[in-house]
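Reproduced below: start29.cif, with mmCIF, C-alpha atoms and all ligand atoms.
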data_data
loop_
_atom_site.label_atom_id
_atom_site.label_comp_id
_atom_site.auth_asym_id
_atom_site.auth_seq_id
_atom_site.Cartn_x
_atom_site.Cartn_y
_atom_site.Cartn_z
CA MET K 1 -71.35 -21.27 78.71
CA VAL K 2 -69.94 -19.57 81.76
CA GLN K 3 -66.73 -17.64 81.24
CA LEU K 4 -65.36 -16.25 84.45
CA THR K 5 -62.51 -14.33 82.86
CA LEU K 6 -62.56 -11.94 79.93
CA PRO K 7 -61.26 -13.27 76.60
CA LYS K 8 -57.65 -12.46 75.71
CA GLY K 9 -57.07 -8.80 74.94
CA SER K 10 -60.43 -7.71 76.45
CA ALA K 11 -59.49 -6.80 80.01
CA PRO K 12 -59.48 -2.98 80.32
CA LYS K 13 -56.22 -1.41 81.46
CA LYS K 14 -55.63 1.93 83.14
CA GLY K 15 -55.83 4.69 80.53
CA LYS K 16 -55.25 8.39 80.26
CA THR K 17 -56.33 11.02 82.78
CA TRP K 18 -57.60 14.06 80.90
CA PRO K 19 -57.01 17.55 82.32
CA LYS K 20 -59.53 19.17 84.63
CA PRO K 21 -61.53 22.03 83.13
CA GLN K 22 -60.35 25.48 84.23
CA GLY K 23 -62.29 27.47 86.80
CA ALA K 24 -64.98 24.87 87.46
CA THR K 25 -66.39 24.58 90.97
CA ASN K 26 -68.69 21.59 90.55
CA LEU K 27 -66.40 18.86 89.22
CA ARG K 28 -67.25 15.19 88.92
CA GLN K 29 -65.00 12.32 87.92
CA PHE K 30 -66.01 9.85 85.21
CA ARG K 31 -64.17 6.70 84.16
CA ILE K 32 -65.04 5.80 80.60
CA TYR K 33 -64.28 2.62 78.67
CA ARG K 34 -62.23 3.30 75.54
CA TYR K 35 -61.48 0.86 72.78
CA SER K 36 -60.52 1.40 69.21
CA PRO K 37 -60.01 -1.58 66.89
CA GLU K 38 -57.68 0.47 64.65
CA GLU K 39 -55.34 1.20 67.52
CA GLY K 40 -55.41 -2.41 68.72
CA GLY K 41 -54.31 -3.41 72.22
CA ASN K 42 -56.52 -3.81 75.25
CA PRO K 43 -59.38 -1.46 76.05
CA ARG K 44 -58.63 1.17 78.70
CA TRP K 45 -60.37 3.23 81.35
CA ASP K 46 -59.89 6.94 80.66
CA THR K 47 -60.54 9.44 83.43
CA TYR K 48 -62.41 12.65 82.69
CA TRP K 49 -63.39 15.57 84.88
CA VAL K 50 -66.70 17.15 84.01
CA ASP K 51 -67.98 20.57 85.02
CA MET K 52 -71.45 19.51 86.15
CA ASP K 53 -72.71 23.10 86.11
CA ARG K 54 -72.05 23.28 82.38
CA ALA K 55 -72.83 19.71 81.37
CA GLY K 56 -76.63 19.66 81.36
CA THR K 57 -78.79 17.20 83.29
CA MET K 58 -78.44 13.73 81.79
CA ILE K 59 -75.55 11.32 81.27
CA LEU K 60 -75.81 11.81 77.53
CA ASP K 61 -75.09 15.50 78.20
CA VAL K 62 -71.92 14.46 80.04
CA LEU K 63 -70.79 12.49 77.00
CA PHE K 64 -71.46 15.47 74.75
CA TYR K 65 -69.63 17.75 77.17
CA ILE K 66 -66.58 15.48 76.96
CA LYS K 67 -66.79 15.12 73.19
CA ASN K 68 -67.20 18.87 72.62
CA ASN K 69 -64.82 20.20 75.26
CA VAL K 70 -62.28 17.55 76.20
CA ASP K 71 -61.87 14.62 73.82
CA PRO K 72 -63.50 14.66 70.36
CA THR K 73 -62.47 11.04 69.71
CA LEU K 74 -64.93 9.57 72.23
CA ALA K 75 -67.45 7.44 70.31
CA PHE K 76 -71.01 6.71 71.40
CA ARG K 77 -74.34 6.17 69.70
CA ARG K 78 -77.44 8.31 70.09
CA SER K 79 -80.28 9.55 67.97
CA CYS K 80 -83.48 10.79 69.62
CA ARG K 81 -81.94 11.91 72.95
CA GLU K 82 -85.36 11.44 74.58
CA GLY K 83 -85.72 7.74 75.37
CA VAL K 84 -87.43 6.69 72.15
CA CYS K 85 -84.83 5.16 69.85
CA GLY K 86 -82.82 2.95 72.21
CA SER K 87 -79.48 3.83 70.58
CA CYS K 88 -77.74 5.22 73.64
CA ALA K 89 -77.95 2.14 75.89
CA MET K 90 -74.80 1.58 77.92
CA ASN K 91 -73.63 0.52 81.35
CA ILE K 92 -73.65 3.50 83.71
CA ALA K 93 -72.34 3.10 87.25
CA GLY K 94 -72.69 -0.66 86.91
CA GLN K 95 -76.22 -0.71 85.56
CA ASN K 96 -77.46 -0.97 81.98
CA THR K 97 -79.72 1.87 80.96
CA ILE K 98 -80.11 4.57 78.32
CA ALA K 99 -77.84 7.57 78.78
CA CYS K 100 -80.32 10.18 77.57
CA THR K 101 -82.86 9.63 80.37
CA LYS K 102 -80.40 8.87 83.18
CA GLY K 103 -80.32 12.04 85.26
CA PHE K 104 -77.46 13.28 87.43
CA ASP K 105 -79.77 13.10 90.44
CA GLU K 106 -80.04 9.31 89.99
CA LEU K 107 -76.28 8.75 90.11
CA PRO K 108 -74.62 7.14 93.11
CA GLY K 109 -71.77 8.99 94.86
CA GLY K 110 -68.10 8.68 93.90
CA VAL K 111 -66.51 8.06 90.53
CA ILE K 112 -69.02 7.11 87.80
CA THR K 113 -67.99 4.40 85.36
CA ILE K 114 -69.45 4.29 81.87
CA ALA K 115 -68.93 1.19 79.73
CA PRO K 116 -70.58 -0.36 76.69
CA LEU K 117 -73.37 -2.90 77.21
CA PRO K 118 -71.78 -6.06 78.60
CA SER K 119 -71.18 -9.37 76.80
CA GLN K 120 -71.34 -8.04 73.25
CA PRO K 121 -68.41 -7.36 70.91
CA VAL K 122 -67.34 -3.70 70.99
CA VAL K 123 -67.25 -1.73 67.75
CA LYS K 124 -65.61 1.31 69.35
CA ASP K 125 -65.68 2.87 72.85
CA LEU K 126 -69.31 2.82 74.03
CA ILE K 127 -70.72 1.25 70.88
CA PRO K 128 -71.57 -2.46 71.11
CA ASP K 129 -72.14 -4.71 68.11
CA LEU K 130 -75.80 -5.76 68.46
CA THR K 131 -75.97 -7.89 65.30
CA SER K 132 -76.97 -11.08 67.11
CA PHE K 133 -79.44 -9.20 69.31
CA TYR K 134 -81.23 -7.97 66.18
CA ALA K 135 -81.08 -11.40 64.53
CA GLN K 136 -82.73 -12.90 67.61
CA HIS K 137 -85.40 -10.23 67.45
CA ALA K 138 -85.99 -11.12 63.80
CA TYR K 139 -86.25 -14.80 64.79
CA VAL K 140 -89.51 -14.14 66.69
CA GLN K 141 -91.03 -12.60 63.51
CA PRO K 142 -92.21 -9.38 65.16
CA TYR K 143 -95.01 -8.55 62.77
CA LEU K 144 -98.65 -9.50 62.23
CA LYS K 145 -99.13 -12.94 60.68
CA THR K 146 -102.53 -14.00 59.42
CA VAL K 147 -104.17 -16.62 57.20
CA THR K 148 -107.47 -14.80 56.78
CA PRO K 149 -107.31 -12.57 53.68
CA ASP K 150 -106.56 -8.96 54.56
CA PRO K 151 -109.66 -6.92 55.36
CA GLU K 152 -110.44 -4.04 53.06
CA LYS K 153 -109.47 -1.39 55.59
CA GLU K 154 -107.68 -2.65 58.67
CA TRP K 155 -107.45 -5.44 61.24
CA LYS K 156 -109.70 -4.42 64.10
CA GLN K 157 -109.19 -4.99 67.78
CA SER K 158 -111.37 -4.38 70.83
CA GLU K 159 -110.22 -1.85 73.38
CA GLU K 160 -109.70 -4.64 75.94
CA ASP K 161 -107.55 -6.64 73.53
CA ARG K 162 -105.52 -3.55 72.73
CA GLU K 163 -104.87 -3.08 76.44
CA GLU K 164 -103.16 -6.47 76.52
CA LEU K 165 -100.32 -4.92 74.53
CA ASN K 166 -99.60 -2.30 77.17
CA GLY K 167 -96.31 -2.90 78.92
CA LEU K 168 -95.03 -4.67 75.79
CA TYR K 169 -95.34 -2.40 72.78
CA GLU K 170 -93.33 0.33 74.51
CA CYS K 171 -90.07 -1.61 74.17
CA ILE K 172 -87.47 0.47 72.30
CA LEU K 173 -85.08 -2.47 71.71
CA CYS K 174 -82.27 -0.83 73.59
CA ALA K 175 -80.86 -4.25 74.65
CA SER K 176 -80.30 -3.14 78.26
CA CYS K 177 -82.30 -6.12 79.53
CA THR K 178 -80.82 -8.81 77.31
CA THR K 179 -77.22 -7.79 77.96
CA SER K 180 -77.83 -7.61 81.72
CA CYS K 181 -79.00 -11.22 81.87
CA PRO K 182 -76.44 -13.77 83.17
CA SER K 183 -78.30 -16.54 81.39
CA TYR K 184 -77.80 -14.59 78.16
CA TRP K 185 -74.13 -14.02 78.96
CA TRP K 186 -73.62 -17.76 79.33
CA ASN K 187 -75.87 -18.95 76.50
CA GLY K 188 -76.41 -15.92 74.28
CA ASP K 189 -75.92 -18.04 71.16
CA LYS K 190 -78.90 -20.25 72.00
CA TYR K 191 -81.09 -18.34 74.49
CA LEU K 192 -83.18 -15.65 72.78
CA GLY K 193 -82.94 -13.27 75.74
CA PRO K 194 -85.52 -11.07 77.48
CA ALA K 195 -86.03 -8.42 74.77
CA ALA K 196 -86.73 -10.90 71.95
CA LEU K 197 -89.02 -12.92 74.22
CA LEU K 198 -90.93 -9.83 75.36
CA GLN K 199 -91.54 -9.07 71.69
CA ALA K 200 -92.49 -12.69 71.05
CA TYR K 201 -95.13 -12.40 73.76
CA ARG K 202 -96.31 -9.07 72.35
CA TRP K 203 -97.29 -10.96 69.16
CA LEU K 204 -98.49 -14.09 70.95
CA ILE K 205 -101.22 -12.18 72.76
CA ASP K 206 -102.13 -9.87 69.91
CA SER K 207 -105.82 -10.67 69.25
CA ARG K 208 -105.32 -10.08 65.52
CA ASP K 209 -102.41 -12.45 65.04
CA GLU K 210 -103.29 -15.91 63.71
CA ALA K 211 -99.90 -17.60 64.04
CA THR K 212 -99.96 -18.21 67.81
CA GLY K 213 -99.36 -21.96 67.50
CA GLU K 214 -96.45 -21.62 65.08
CA ARG K 215 -94.97 -18.91 67.26
CA LEU K 216 -95.13 -21.18 70.31
CA ASP K 217 -93.57 -24.01 68.26
CA ASP K 218 -90.62 -21.81 67.36
CA LEU K 219 -90.05 -20.87 71.00
CA GLU K 220 -90.53 -24.23 72.70
CA ASP K 221 -86.96 -25.16 73.39
CA PRO K 222 -84.84 -25.82 76.49
CA PHE K 223 -82.53 -22.99 75.44
CA LYS K 224 -84.44 -20.48 73.30
CA LEU K 225 -87.13 -19.99 75.99
CA TYR K 226 -86.49 -22.12 79.05
CA ARG K 227 -83.02 -20.71 79.74
CA CYS K 228 -84.82 -17.90 81.58
CA HIS K 229 -84.14 -18.70 85.25
CA THR K 230 -86.17 -15.71 86.54
CA ILE K 231 -83.06 -13.83 87.65
CA MET K 232 -85.00 -10.58 87.06
CA ASN K 233 -82.09 -8.33 86.07
CA CYS K 234 -84.13 -7.52 82.94
CA ALA K 235 -87.03 -5.99 84.86
CA GLN K 236 -84.65 -4.16 87.15
CA VAL K 237 -82.75 -2.36 84.40
CA CYS K 238 -85.41 -1.67 81.74
CA PRO K 239 -85.36 2.12 81.25
CA LYS K 240 -88.96 2.01 80.06
CA GLY K 241 -90.12 0.25 83.23
CA LEU K 242 -91.16 -2.92 81.38
CA ASN K 243 -91.03 -6.41 82.82
CA PRO K 244 -89.64 -8.93 80.31
CA ALA K 245 -89.45 -11.66 83.01
CA LYS K 246 -93.21 -11.43 83.45
CA ALA K 247 -93.76 -11.72 79.70
CA ILE K 248 -91.51 -14.80 79.61
CA ALA K 249 -93.47 -16.34 82.50
CA LYS K 250 -96.64 -15.77 80.49
CA ILE K 251 -95.15 -17.52 77.46
CA LYS K 252 -94.28 -20.49 79.69
CA HIS K 253 -97.85 -20.39 80.94
CA MET K 254 -99.18 -20.55 77.37
CA MET K 255 -96.91 -23.54 76.72
CA VAL K 256 -98.37 -25.36 79.74
CA GLU K 257 -101.88 -24.41 78.69
CA ARG K 258 -101.24 -25.97 75.31
CA VAL K 259 -100.40 -29.38 76.75
CA SER K 260 -102.81 -29.57 79.66
CA MET H 1 -59.97 -14.27 60.22
CA SER H 2 -61.89 -16.73 62.39
CA SER H 3 -63.66 -19.93 61.42
CA HIS H 4 -66.99 -18.17 62.03
CA ASP H 5 -66.50 -15.46 59.44
CA PHE H 6 -69.22 -15.43 56.77
CA ILE H 7 -71.80 -17.11 59.05
CA THR H 8 -74.90 -14.92 58.88
CA PRO H 9 -76.59 -13.63 62.05
CA ALA H 10 -79.83 -15.37 61.02
CA LYS H 11 -78.00 -18.68 60.81
CA MET H 12 -76.78 -18.15 64.37
CA ALA H 13 -80.17 -17.08 65.74
CA ARG H 14 -81.96 -20.04 64.14
CA GLY H 15 -79.26 -22.47 65.24
CA LEU H 16 -80.42 -26.07 65.18
CA GLY H 17 -84.05 -24.94 65.25
CA SER H 18 -86.53 -25.28 68.04
CA ALA H 19 -86.34 -28.61 69.90
CA LYS H 20 -90.13 -28.40 70.47
CA SER H 21 -89.57 -29.70 73.97
CA GLY H 22 -88.90 -28.35 77.41
CA THR H 23 -92.47 -27.79 78.55
CA GLU H 24 -92.73 -31.27 80.10
CA THR H 25 -89.52 -30.66 82.06
CA HIS H 26 -90.82 -27.26 83.12
CA ILE H 27 -94.06 -28.82 84.42
CA ARG H 28 -92.19 -31.62 86.20
CA GLN H 29 -89.94 -29.15 87.93
CA ARG H 30 -92.89 -27.05 89.07
CA VAL H 31 -94.96 -30.03 90.25
CA SER H 32 -92.06 -31.53 92.22
CA ALA H 33 -91.44 -28.08 93.73
CA ILE H 34 -95.06 -27.91 94.90
CA ALA H 35 -94.73 -31.37 96.49
CA LEU H 36 -91.53 -30.27 98.22
CA ILE H 37 -93.19 -27.16 99.67
CA PHE H 38 -95.23 -29.55 101.82
CA LEU H 39 -92.76 -32.39 102.25
CA VAL H 40 -89.63 -30.46 103.22
CA PRO H 41 -91.12 -28.65 106.27
CA TRP H 42 -92.59 -31.96 107.46
CA PHE H 43 -89.21 -33.64 106.94
CA VAL H 44 -87.20 -30.99 108.77
CA TYR H 45 -89.66 -30.88 111.67
CA SER H 46 -89.66 -34.69 111.96
CA ILE H 47 -85.90 -35.04 111.80
CA ILE H 48 -85.40 -32.44 114.53
CA ASN H 49 -87.91 -34.35 116.66
CA ALA H 50 -86.34 -37.72 115.87
CA MET H 51 -82.91 -36.40 116.85
CA SER H 52 -84.09 -35.68 120.39
CA GLY H 53 -84.22 -39.43 121.16
CA ASP H 54 -81.78 -42.23 120.46
CA ILE H 55 -81.39 -44.34 117.29
CA VAL H 56 -84.02 -46.86 118.38
CA ASP H 57 -86.61 -44.09 118.83
CA ALA H 58 -85.75 -42.83 115.37
CA GLN H 59 -86.18 -46.30 113.88
CA VAL H 60 -89.53 -46.73 115.61
CA TRP H 61 -90.59 -43.37 114.20
CA ALA H 62 -89.44 -44.23 110.66
CA ALA H 63 -91.17 -47.61 110.79
CA LYS H 64 -94.60 -46.04 111.25
CA PRO H 65 -96.39 -46.50 107.88
CA TRP H 66 -97.19 -42.83 107.31
CA ASN H 67 -93.71 -41.72 108.19
CA ALA H 68 -92.17 -44.37 105.94
CA ILE H 69 -94.42 -43.41 103.03
CA LEU H 70 -93.74 -39.69 103.46
CA LEU H 71 -89.99 -40.31 103.78
CA ILE H 72 -89.91 -42.20 100.49
CA LEU H 73 -92.08 -39.55 98.81
CA THR H 74 -89.80 -36.78 100.08
CA ALA H 75 -86.73 -38.56 98.70
CA GLY H 76 -88.53 -39.20 95.41
CA ALA H 77 -89.61 -35.59 94.94
CA ALA H 78 -86.26 -34.21 96.10
CA PHE H 79 -84.04 -36.35 93.85
CA PHE H 80 -86.42 -35.93 90.92
CA HIS H 81 -86.30 -32.14 91.38
CA MET H 82 -82.55 -32.22 91.96
CA ARG H 83 -81.94 -34.10 88.72
CA ILE H 84 -83.63 -31.36 86.68
CA GLY H 85 -81.93 -28.57 88.63
CA MET H 86 -78.49 -30.12 88.32
CA GLN H 87 -79.03 -30.68 84.61
CA VAL H 88 -79.59 -26.94 84.13
CA VAL H 89 -76.49 -26.11 86.19
CA ILE H 90 -74.36 -28.53 84.15
CA GLU H 91 -75.70 -27.16 80.85
CA ASP H 92 -74.99 -23.59 81.96
CA TYR H 93 -71.54 -24.13 83.43
CA ILE H 94 -69.91 -26.89 81.39
CA ALA H 95 -68.94 -25.98 77.86
CA LYS H 96 -67.14 -29.06 76.58
CA THR H 97 -69.62 -31.42 74.89
CA GLY H 98 -67.92 -34.60 76.10
CA THR H 99 -67.61 -33.50 79.73
CA LYS H 100 -71.13 -32.13 79.63
CA SER H 101 -72.65 -35.37 78.34
CA ALA H 102 -70.70 -37.43 80.87
CA LEU H 103 -71.85 -35.22 83.74
CA LEU H 104 -75.46 -35.27 82.55
CA ILE H 105 -75.44 -39.07 82.55
CA LEU H 106 -73.68 -39.16 85.93
CA ASN H 107 -76.32 -36.77 87.28
CA SER H 108 -79.15 -39.09 86.24
CA PHE H 109 -77.40 -42.15 87.65
CA ALA H 110 -76.54 -40.43 90.92
CA CYS H 111 -80.08 -39.12 91.52
CA ILE H 112 -81.63 -42.51 90.81
CA ALA H 113 -79.04 -44.31 92.95
CA LEU H 114 -79.61 -41.90 95.84
CA PHE H 115 -83.36 -42.40 95.64
CA VAL H 116 -83.08 -46.19 95.57
CA THR H 117 -80.70 -46.11 98.54
CA VAL H 118 -83.03 -43.97 100.65
CA ALA H 119 -86.11 -45.94 99.64
CA LEU H 120 -84.51 -49.29 100.44
CA SER H 121 -83.18 -48.02 103.77
CA VAL H 122 -86.63 -46.87 104.82
CA LEU H 123 -88.18 -50.13 103.60
CA LYS H 124 -85.59 -52.08 105.54
CA ILE H 125 -86.46 -50.27 108.75
CA TRP H 126 -90.15 -50.62 108.05
CA ILE H 127 -90.02 -54.33 107.23
CA GLY H 128 -87.46 -54.95 109.99
CA ALA H 129 -89.90 -53.51 112.48
CA GLY H 130 -92.29 -56.27 111.45
CA VAL H 131 -95.18 -54.05 110.41
S1 LIG N 1 -87.62 -4.50 77.39
FE1 LIG N 1 -86.80 -2.56 78.19
S2 LIG N 1 -84.61 -2.97 78.50
FE2 LIG N 1 -85.38 -4.59 77.15
S3 LIG N 1 -84.95 -3.85 75.09
FE3 LIG N 1 -87.06 -3.25 75.59
S4 LIG N 1 -86.89 -1.18 76.43
FE4 LIG N 1 -84.82 -2.03 76.44
S1 LIG N 2 -80.77 8.71 72.29
FE1 LIG N 2 -82.59 7.64 71.77
S2 LIG N 2 -82.95 6.48 73.56
FE2 LIG N 2 -81.25 7.68 74.13
#
Go through the file and emit its structure as structure tokens.
Amino acid sequence: MVQLTLPKGSAPKKGKTWPKPQGATNLRQFRIYRYSPEEGGNPRWDTYWVDMDRAGTMILDVLFYIKNNVDPTLAFRRSCREGVCGSCAMNIAGQNTIACTKGFDELPGGVITIAPLPSQPVVKDLIPDLTSFYAQHAYVQPYLKTVTPDPEKEWKQSEEDREELNGLYECILCASCTTSCPSYWWNGDKYLGPAALLQAYRWLIDSRDEATGERLDDLEDPFKLYRCHTIMNCAQVCPKGLNPAKAIAKIKHMMVERVS
Amino acid sequence: MSSHDFITPAKMARGLGSAKSGTETHIRQRVSAIALIFLVPWFVYSIINAMSGDIVDAQVWAAKPWNAILLILTAGAAFFHMRIGMQVVIEDYIAKTGTKSALLILNSFACIALFVTVALSVLKIWIGAGV
């Protein structure tokens, strides 16, 4: 349901301003969301000054610069640092994306805010709790399901059928799309969200999968699927350039095909 | 500790299970939208024209069989479409179950009542004109 104000204790307050680095000529100001459950209290916006000549090229480099040179307590998640694992998704300058492929040259002017992905509980600083996101992904059973006994070697697929998976299999489950979706903010407990539905479609059109009907059954629901109102934030933010809204439209199309 | 502690994520994701419905509503909304693509421009154009004369001219216009039929169809498609649209808005914006149910029922009643009112008004003009 719509909540127009943040729950009690969640509104960020003004935080600490950290000292500027000495002797830097190319300084940029960052406002970063800080929250620590051990410390309690409201989250806060801390201000950091970063020497852009020494920080690298990507936003993840900025976070490392701060952690290594200014404030070692800053917490964020990352693993591959090359856009493959999806761990470093966060909200940068108002838009969800992954920090490791967001270059300085793509940043707007002025102060840059960095916050955790919206609408999810915060574990610490820039780390959101994605437990329900993963449970919703598991709900769509993202693996091959067949009734035919397994072939001796492998399940084969024509080149054309394999091409159907392009634009879907590349998803790194970063959750940028799902947590950018207002429909998911309002109904995240019942609506599966763009990422889970993109994955659902990835298995629905897999020529080797034999559970298409059951998959459609599990999705056909006014909330689980039909809460997508084609707002398109998902396609706009996806750091891999995928279009979950289009995949959802195709699922709806399959549903119509099934009854007409 | 909150009342939701110990509830597993899978339990939340599965919820009450799939309702196995929604496709019919989706089709209805799309079909009524297609009808409105044609009906609304006709309606707007006609109303602007009808407003250039006086009330009697407008009644004469509305009493023409084709105009009367199209007027009733426009109202039918519009209120039908509106009922589905408003239902989604209520479901998204109203959290309390009681209030939500009451508004959903009110929405259905209001859309049907509005349609009947428009349809009867047009019929009255049509029949009153002695066609
Ligand atoms: S579709 Fe894009 S934004 Fe959504 S989870 Fe996958 S990679 Fe991330
Ligand atoms: S660190 Fe793996 S996607 Fe950014």
So which residues are near ligand LIG 2 (chain N), meaning at most 6 Å away with only C-alpha atoms and all ligand atoms counted, given back as a compact mmCIF listing (two decimals) with C-alpha atoms, in the coordinates of the input?
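Ended up saving to out-v4.txt:
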# COMPACT_ATOMS: atom_id res chain seq x y z
CA ARG K 78 -77.44 8.31 70.09
CA SER K 79 -80.28 9.55 67.97
CA CYS K 80 -83.48 10.79 69.62
CA ARG K 81 -81.94 11.91 72.95
CA GLU K 82 -85.36 11.44 74.58
CA GLY K 83 -85.72 7.74 75.37
CA VAL K 84 -87.43 6.69 72.15
CA CYS K 85 -84.83 5.16 69.85
CA GLY K 86 -82.82 2.95 72.21
CA SER K 87 -79.48 3.83 70.58
CA CYS K 88 -77.74 5.22 73.64
CA ILE K 98 -80.11 4.57 78.32
CA ALA K 99 -77.84 7.57 78.78
CA CYS K 100 -80.32 10.18 77.57
Review point. Mind listing the residues within 8 Å of ligand LIG 1 (chain N), only C-alpha atoms and all ligand atoms counted, as JSON, numbers by chain?
Key: {"K": [86, 97, 168, 170, 171, 172, 173, 174, 175, 176, 177, 178, 194, 195, 196, 198, 234, 235, 237, 238, 239, 240, 241, 242, 243, 244]}
Check your understanding: Residues of chain K within 9 Å of chain H, using all atoms listed in the file, as a PyMOL selection string?
Key -> chain K and resi 1-3+131-139+183+186-187+189-192+216-227+252+255-256+259
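Between atom CA of K:Thr179 and atom CA of K:Pro118 the interatomic distance comes to 5.7 Å.
Of the listed residues K:Thr230, K:Gln95, K:Gln22, K:Ser36, the one whose atoms come nearest to K:Val123 is K:Ser36, with distances taken using only C-alpha atoms.
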Name all residues at most 12 Å from K:Asp125 (count all atoms listed in the file; drop same-chain ones fewer than 2 positions away) and give them as a PDB file with C-alpha atoms, keeping the file's coordinate frame.
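Okay, this is what ended up in out23.pdb:
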ATOM      1  CA  PRO K  12     -59.480  -2.980  80.320  1.00  0.00           C
ATOM      2  CA  ILE K  32     -65.040   5.800  80.600  1.00  0.00           C
ATOM      3  CA  TYR K  33     -64.280   2.620  78.670  1.00  0.00           C
ATOM      4  CA  ARG K  34     -62.230   3.300  75.540  1.00  0.00           C
ATOM      5  CA  TYR K  35     -61.480   0.860  72.780  1.00  0.00           C
ATOM      6  CA  SER K  36     -60.520   1.400  69.210  1.00  0.00           C
ATOM      7  CA  PRO K  37     -60.010  -1.580  66.890  1.00  0.00           C
ATOM      8  CA  GLU K  38     -57.680   0.470  64.650  1.00  0.00           C
ATOM      9  CA  GLU K  39     -55.340   1.200  67.520  1.00  0.00           C
ATOM     10  CA  ASN K  42     -56.520  -3.810  75.250  1.00  0.00           C
ATOM     11  CA  PRO K  43     -59.380  -1.460  76.050  1.00  0.00           C
ATOM     12  CA  ARG K  44     -58.630   1.170  78.700  1.00  0.00           C
ATOM     13  CA  TRP K  45     -60.370   3.230  81.350  1.00  0.00           C
ATOM     14  CA  ASP K  46     -59.890   6.940  80.660  1.00  0.00           C
ATOM     15  CA  LEU K  63     -70.790  12.490  77.000  1.00  0.00           C
ATOM     16  CA  THR K  73     -62.470  11.040  69.710  1.00  0.00           C
ATOM     17  CA  LEU K  74     -64.930   9.570  72.230  1.00  0.00           C
ATOM     18  CA  ALA K  75     -67.450   7.440  70.310  1.00  0.00           C
ATOM     19  CA  PHE K  76     -71.010   6.710  71.400  1.00  0.00           C
ATOM     20  CA  ARG K  77     -74.340   6.170  69.700  1.00  0.00           C
ATOM     21  CA  MET K  90     -74.800   1.580  77.920  1.00  0.00           C
ATOM     22  CA  ASN K  91     -73.630   0.520  81.350  1.00  0.00           C
ATOM     23  CA  ILE K 114     -69.450   4.290  81.870  1.00  0.00           C
ATOM     24  CA  ALA K 115     -68.930   1.190  79.730  1.00  0.00           C
ATOM     25  CA  PRO K 116     -70.580  -0.360  76.690  1.00  0.00           C
ATOM     26  CA  LEU K 117     -73.370  -2.900  77.210  1.00  0.00           C
ATOM     27  CA  PRO K 121     -68.410  -7.360  70.910  1.00  0.00           C
ATOM     28  CA  VAL K 122     -67.340  -3.700  70.990  1.00  0.00           C
ATOM     29  CA  VAL K 123     -67.250  -1.730  67.750  1.00  0.00           C
ATOM     30  CA  ILE K 127     -70.720   1.250  70.880  1.00  0.00           C
ATOM     31  CA  PRO K 128     -71.570  -2.460  71.110  1.00  0.00           C
ATOM     32  CA  ASP K 129     -72.140  -4.710  68.110  1.00  0.00           C
TER      33      ASP K 129
END
Review point. Hey, what's within 6 Å of K:Met58 if we count only C-alpha atoms and toss same-chain stuff fewer than 5 positions away? As a PyMOL selection string, please?
Key: chain K and resi 100+102-104
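Distance-wise, atom CA of K:Ile251 and atom CA of K:Asp206 end up 12.8 Å apart.
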